[in-house]
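> Just dropping this structure here.
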Amino acid sequence: KRLKSRDMATNKRHSCSNFIFLLLQLLLQFHSGKSDLQLNYYSESCPKAEEIIKEQVTKLYHKHGNTAVSWIRNLFHDCMVKSCDASVLLETANGIESEMISQRSFGMRNFKYIYTIKEALETECPITVSCADIVALSARDGFVLLGGPQIEVKTGRKDSKESYAAETEDFIPNHNDSMSLVLSRFQSIGVDVEGTVALLGAHSVGRVHCVNIVNRLYPSVDPTLDPEYAEYLKGRCPSPEPDPKAVEYARNDRVTPMVLDNMYYKNVLDHKGLLLVDQQLASDPTTSPFVEKMAADNGYFHDQFSRAFLVLSENNPLTGDQGEIRKDCRYVNRG
């Protein structure tokens, strides 16, 4: 009799722990939201969606090469702030304040070309493909045009009905922040140290406005900067108080300026990092081993960038009944 009751108690415990395990799994799945993203999400509702995005991205790249850089920056600014939900594209209107007002958004451009892509999709499949998926897929295709490998990106994100303008600076690290703060911001969305070092490699392409450089040049040159490189930068940014609206820039990488490669890491090891955060990557003991490894191996850099790209692109998406499919990426749907 005692044996029977002991067996019953054991079975009860097993059933209870199995139930708790299943409940935890369900909760984790619900919390992440990632379970609802899938490869080829539009295969039935808009079979040509990814093909149209790729076609438009390629066409725009051949007309305006810098659009490929913008696509990658868009993904970072969208997904770092709360969710990959195209909130970054919302303009100030109808009670919404745009995230573009934030200092962290300084220098972002080429949004009009996102709308070009959206128009092409609306012609093919009205109100079907989300702006959030356009942001993710255009970044993926932009990476390939900049010399990176093809990444399999899941889709099915919905667009937010709100902007997070007031909170942008709480999520996006600044170029002058300490390395520990930068790492913690990325860690908060699931990107580890290795992945953070790889994502900062996006600074291999594009350019930086003098507004974000002069603090390393004036009144005295940052001693961690290569002296010859500092002279070059002073030539690009001759005034300690540059006009934010003037076309005063320096390229991130003078050797392969439009190739997303490991030249960036070679530059920072040579004390030619443009921003303070770039230089800190090489000097901080937490990140420097990965910098050296990426400087030595472009394939390893691309692998780590691709891995971190996927983590970033799947941060807390709105899926299923959450959010909406915006008709116009600039505004929340009416009615």
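Letters for chains follow the order of the structure tokens (A, B, ...), residue numbers begin at 1 for each chain, and ligand numbers begin at 1 in the order shown.
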Can you pull out the residues contacting stretch 42-50 of chain A? Cut-off 7 Å, using only C-alpha atoms, and skip same-chain residues under 2 positions away; I want them as a list of chain:residue names.

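Final neighbour list, sorted by chain and number: A:Asn40, A:Ile52, A:Ile53, A:Lys54, A:Leu121, A:Cys125.
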
> Write out, as CSV, each residue of stretch 212-313 of chain A that has an atom at most 12 Å from stretch 169-179 of chain A, together with the closest pair of atoms and their distance in Å to one decimal, counting only C-alpha atoms, rows going by chain and rising number.


residue,atom,partner,partner_atom,distance
A:Asn212,CA,A:His175,CA,7.8
A:Ile213,CA,A:His175,CA,9.6
A:Val214,CA,A:Asn176,CA,11.8
A:Asn215,CA,A:Asn176,CA,9.3
A:Arg216,CA,A:Asn176,CA,10.1
A:Gly273,CA,A:His175,CA,11.5
A:Leu274,CA,A:His175,CA,10.0
A:Leu275,CA,A:His175,CA,6.3
A:Leu276,CA,A:Asn176,CA,5.7
A:Val277,CA,A:His175,CA,5.3
A:Asp278,CA,A:His175,CA,8.2
A:Gln279,CA,A:Met179,CA,9.9
A:Gln280,CA,A:Met179,CA,6.5
A:Leu281,CA,A:Met179,CA,7.3
A:Ala282,CA,A:Met179,CA,10.4
A:Ser283,CA,A:Met179,CA,9.7
A:Asp284,CA,A:Met179,CA,7.3
A:Pro285,CA,A:Met179,CA,10.2
A:Thr286,CA,A:Met179,CA,8.9
A:Thr287,CA,A:Met179,CA,8.6
A:Ser288,CA,A:Met179,CA,11.1

> Kindly save the residues from that selection, with N, CA, C and O atoms included, as a CSV table (one decimal), in the first residue's frame.


chain,number,residue,atom,x,y,z
A,212,ASN,N,30.9,64.7,-35.3
A,212,ASN,CA,31.2,63.5,-34.4
A,212,ASN,C,32.7,63.2,-34.3
A,212,ASN,O,33.0,62.2,-33.7
A,213,ILE,N,33.5,64.0,-35.0
A,213,ILE,CA,34.9,63.7,-35.1
A,213,ILE,C,35.8,64.7,-34.3
A,213,ILE,O,36.8,64.4,-33.7
A,214,VAL,N,35.3,66.0,-34.3
A,214,VAL,CA,36.1,67.1,-33.8
A,214,VAL,C,36.6,67.0,-32.4
A,214,VAL,O,37.6,67.5,-32.0
A,215,ASN,N,35.8,66.3,-31.6
A,215,ASN,CA,36.2,66.1,-30.1
A,215,ASN,C,37.5,65.4,-30.0
A,215,ASN,O,38.1,65.5,-28.9
A,216,ARG,N,37.9,64.7,-31.0
A,216,ARG,CA,39.2,64.0,-31.0
A,216,ARG,C,40.3,64.8,-31.6
A,216,ARG,O,41.5,64.3,-31.6
A,273,GLY,N,41.2,54.6,-36.1
A,273,GLY,CA,39.7,54.5,-35.8
A,273,GLY,C,39.2,55.9,-35.9
A,273,GLY,O,39.7,56.8,-35.2
A,274,LEU,N,38.1,56.1,-36.6
A,274,LEU,CA,37.5,57.4,-36.8
A,274,LEU,C,36.8,57.9,-35.5
A,274,LEU,O,37.1,59.1,-35.1
A,275,LEU,N,36.0,57.1,-34.9
A,275,LEU,CA,35.3,57.5,-33.7
A,275,LEU,C,36.0,56.9,-32.4
A,275,LEU,O,36.7,55.9,-32.5
A,276,LEU,N,35.7,57.5,-31.3
A,276,LEU,CA,36.2,57.1,-30.1
A,276,LEU,C,35.9,55.6,-29.8
A,276,LEU,O,36.7,54.8,-29.4
A,277,VAL,N,34.6,55.2,-30.1
A,277,VAL,CA,34.2,53.9,-29.9
A,277,VAL,C,35.0,52.9,-30.7
A,277,VAL,O,35.3,51.7,-30.3
A,278,ASP,N,35.4,53.3,-31.9
A,278,ASP,CA,36.2,52.4,-32.8
A,278,ASP,C,37.6,52.1,-32.1
A,278,ASP,O,38.0,51.0,-32.1
A,279,GLN,N,38.2,53.2,-31.6
A,279,GLN,CA,39.5,53.1,-31.0
A,279,GLN,C,39.5,52.3,-29.7
A,279,GLN,O,40.4,51.5,-29.4
A,280,GLN,N,38.4,52.4,-29.0
A,280,GLN,CA,38.2,51.7,-27.7
A,280,GLN,C,38.1,50.2,-28.0
A,280,GLN,O,38.5,49.4,-27.1
A,281,LEU,N,37.6,49.8,-29.1
A,281,LEU,CA,37.5,48.3,-29.5
A,281,LEU,C,38.9,47.7,-29.4
A,281,LEU,O,39.1,46.6,-28.9
A,282,ALA,N,39.9,48.4,-29.9
A,282,ALA,CA,41.3,47.9,-30.0
A,282,ALA,C,42.0,47.9,-28.6
A,282,ALA,O,42.9,47.1,-28.4
A,283,SER,N,41.6,48.9,-27.8
A,283,SER,CA,42.3,49.0,-26.5
A,283,SER,C,41.7,48.3,-25.3
A,283,SER,O,42.3,48.0,-24.3
A,284,ASP,N,40.4,48.0,-25.4
A,284,ASP,CA,39.7,47.4,-24.3
A,284,ASP,C,40.0,45.9,-24.3
A,284,ASP,O,39.8,45.2,-25.3
A,285,PRO,N,40.5,45.3,-23.2
A,285,PRO,CA,40.9,43.9,-23.1
A,285,PRO,C,39.7,42.9,-23.4
A,285,PRO,O,40.0,41.8,-23.8
A,286,THR,N,38.5,43.4,-23.2
A,286,THR,CA,37.3,42.5,-23.5
A,286,THR,C,37.1,42.3,-25.0
A,286,THR,O,36.8,41.2,-25.4
A,287,THR,N,37.4,43.3,-25.7
A,287,THR,CA,37.1,43.3,-27.2
A,287,THR,C,38.3,43.1,-28.1
A,287,THR,O,38.2,42.6,-29.2
A,288,SER,N,39.5,43.5,-27.6
A,288,SER,CA,40.7,43.5,-28.4
A,288,SER,C,41.0,42.1,-29.0
A,288,SER,O,41.5,42.1,-30.2

> Find the residue from A:Val135, A:Ala165, A:Met294, A:Leu90 that sits nearest to A:Val332; use only C-alpha atoms when measuring.

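Ranking A:Val135, A:Ala165, A:Met294, A:Leu90 by distance to A:Val332, first place goes to A:Leu90.
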
> For stretch 316-324 of chain A, list every protein, DNA or RNA residue within 9 Å, evaluated using only C-alpha atoms, and leave out those in the same chain fewer than 5 positions away; present the list as a list in words.

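Everything that qualifies: His31, Ser32, Gly33, Lys34, Asp36, Leu37, Cys79, Lys82, Ser83, Cys84, Asp85, Ser130, Ala132, Gly156, Arg157, Lys158, Asp159, Ser160, Lys161, Ile189, Val332 and Asn333 of chain A.
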
> Name the residues of stretch 24-167 of chain A that come out as strand (DSSP E or B) in a backbone DSSP run; write them as a list of chain:residue names.

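Of stretch 24-167 of chain A, the ones in strand (DSSP E or B) are A:Gln38, A:Ala93, A:Ile96, A:Thr155, A:Asp159.
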
> Using DSSP assignments from the backbone, pull out every residue in stretch 95-316 of chain A that falls under helix (DSSP H, G or I) and give it to me as number ranges by chain.

A: 99-101, 103-105, 111-124, 131-145, 165-171, 179-187, 193-204, 210-212, 214-216, 227-236, 263-269, 276-283, 288-296, 298-313

> Could you dump the residues just selected with C-alpha atoms as a CSV table (one decimal), in the first residue's frame?


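The resulting file, part-v5.csv, is shown below:
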chain,number,residue,atom,x,y,z
A,99,GLU,CA,12.6,59.2,-33.7
A,100,MET,CA,14.5,61.3,-36.2
A,101,ILE,CA,14.5,64.2,-33.7
A,103,GLN,CA,20.7,63.2,-31.6
A,104,ARG,CA,21.4,59.5,-32.1
A,105,SER,CA,19.7,59.7,-35.5
A,111,PHE,CA,14.5,57.1,-46.3
A,112,LYS,CA,12.8,58.2,-49.5
A,113,TYR,CA,14.2,55.1,-51.2
A,114,ILE,CA,12.5,52.8,-48.6
A,115,TYR,CA,9.3,54.4,-49.8
A,116,THR,CA,10.3,53.6,-53.4
A,117,ILE,CA,10.6,49.9,-52.4
A,118,LYS,CA,7.3,50.1,-50.6
A,119,GLU,CA,5.5,51.5,-53.6
A,120,ALA,CA,6.8,48.7,-55.8
A,121,LEU,CA,5.5,46.2,-53.3
A,122,GLU,CA,2.1,47.9,-53.0
A,123,THR,CA,1.7,47.7,-56.7
A,124,GLU,CA,2.3,43.9,-56.6
A,131,CYS,CA,7.8,48.2,-43.6
A,132,ALA,CA,9.7,46.4,-40.8
A,133,ASP,CA,10.4,43.5,-43.2
A,134,ILE,CA,11.5,45.9,-45.9
A,135,VAL,CA,14.0,47.4,-43.4
A,136,ALA,CA,15.3,43.9,-42.6
A,137,LEU,CA,15.5,42.6,-46.1
A,138,SER,CA,16.9,45.7,-47.6
A,139,ALA,CA,19.7,45.5,-45.0
A,140,ARG,CA,20.4,41.9,-45.9
A,141,ASP,CA,20.6,42.7,-49.7
A,142,GLY,CA,22.6,45.8,-49.0
A,143,PHE,CA,25.2,43.7,-47.1
A,144,VAL,CA,25.6,41.5,-50.2
A,145,LEU,CA,26.2,44.6,-52.4
A,165,ALA,CA,11.4,59.1,-29.8
A,166,ALA,CA,11.7,59.9,-26.0
A,167,GLU,CA,13.5,56.6,-25.4
A,168,THR,CA,15.9,56.3,-28.4
A,169,GLU,CA,18.9,57.5,-26.4
A,170,ASP,CA,18.3,54.9,-23.8
A,171,PHE,CA,18.8,52.1,-26.3
A,179,MET,CA,33.0,50.3,-24.1
A,180,SER,CA,31.3,48.6,-21.1
A,181,LEU,CA,28.1,50.7,-21.8
A,182,VAL,CA,28.2,49.9,-25.5
A,183,LEU,CA,28.5,46.2,-24.7
A,184,SER,CA,25.7,46.3,-22.2
A,185,ARG,CA,23.3,47.9,-24.7
A,186,PHE,CA,24.0,45.2,-27.2
A,187,GLN,CA,23.9,42.5,-24.6
A,193,VAL,CA,30.8,40.6,-27.1
A,194,GLU,CA,32.0,38.9,-30.3
A,195,GLY,CA,28.8,39.9,-32.1
A,196,THR,CA,29.1,43.5,-31.0
A,197,VAL,CA,32.7,43.7,-32.3
A,198,ALA,CA,31.5,42.3,-35.6
A,199,LEU,CA,28.5,44.7,-35.9
A,200,LEU,CA,30.7,47.7,-35.2
A,201,GLY,CA,32.6,46.5,-38.3
A,202,ALA,CA,29.7,48.2,-40.2
A,203,HIS,CA,31.9,51.3,-39.6
A,204,SER,CA,34.0,49.9,-42.4
A,210,CYS,CA,32.8,66.2,-38.6
A,211,VAL,CA,30.4,67.0,-35.8
A,212,ASN,CA,31.2,63.5,-34.4
A,214,VAL,CA,36.1,67.1,-33.8
A,215,ASN,CA,36.2,66.1,-30.1
A,216,ARG,CA,39.2,64.0,-31.0
A,227,PRO,CA,49.5,61.6,-35.9
A,228,GLU,CA,49.4,61.5,-39.8
A,229,TYR,CA,45.8,60.3,-39.7
A,230,ALA,CA,45.0,63.1,-37.3
A,231,GLU,CA,46.4,65.6,-39.8
A,232,TYR,CA,44.3,64.1,-42.6
A,233,LEU,CA,41.2,64.4,-40.4
A,234,LYS,CA,42.0,68.0,-39.6
A,235,GLY,CA,42.1,68.7,-43.3
A,236,ARG,CA,38.6,67.2,-43.6
A,263,MET,CA,40.0,46.6,-43.2
A,264,TYR,CA,38.2,48.4,-40.4
A,265,TYR,CA,39.9,46.2,-37.8
A,266,LYS,CA,43.3,46.7,-39.4
A,267,ASN,CA,42.7,50.5,-39.2
A,268,VAL,CA,41.8,50.5,-35.5
A,269,LEU,CA,44.8,48.4,-34.7
A,276,LEU,CA,36.2,57.1,-30.1
A,277,VAL,CA,34.2,53.9,-29.9
A,278,ASP,CA,36.2,52.4,-32.8
A,279,GLN,CA,39.5,53.1,-31.0
A,280,GLN,CA,38.2,51.7,-27.7
A,281,LEU,CA,37.5,48.3,-29.5
A,282,ALA,CA,41.3,47.9,-30.0
A,283,SER,CA,42.3,49.0,-26.5
A,288,SER,CA,40.7,43.5,-28.4
A,289,PRO,CA,41.2,39.7,-28.9
A,290,PHE,CA,38.2,39.7,-31.3
A,291,VAL,CA,39.5,42.8,-33.1
A,292,GLU,CA,42.8,41.0,-33.8
A,293,LYS,CA,41.1,37.8,-34.9
A,294,MET,CA,38.8,39.8,-37.3
A,295,ALA,CA,41.7,41.8,-38.7
A,296,ALA,CA,43.4,38.6,-39.5
A,298,ASN,CA,37.8,38.4,-43.3
A,299,GLY,CA,35.8,35.2,-43.5
A,300,TYR,CA,35.6,34.9,-39.7
A,301,PHE,CA,34.5,38.6,-39.6
A,302,HIS,CA,31.7,38.0,-42.1
A,303,ASP,CA,30.5,34.8,-40.2
A,304,GLN,CA,30.3,36.7,-37.0
A,305,PHE,CA,28.7,39.8,-38.6
A,306,SER,CA,26.0,37.5,-40.2
A,307,ARG,CA,25.3,35.7,-36.9
A,308,ALA,CA,24.9,39.1,-35.0
A,309,PHE,CA,22.9,40.5,-37.9
A,310,LEU,CA,20.3,37.8,-37.4
A,311,VAL,CA,20.1,38.3,-33.6
A,312,LEU,CA,19.7,42.1,-34.2
A,313,SER,CA,17.1,41.6,-36.9
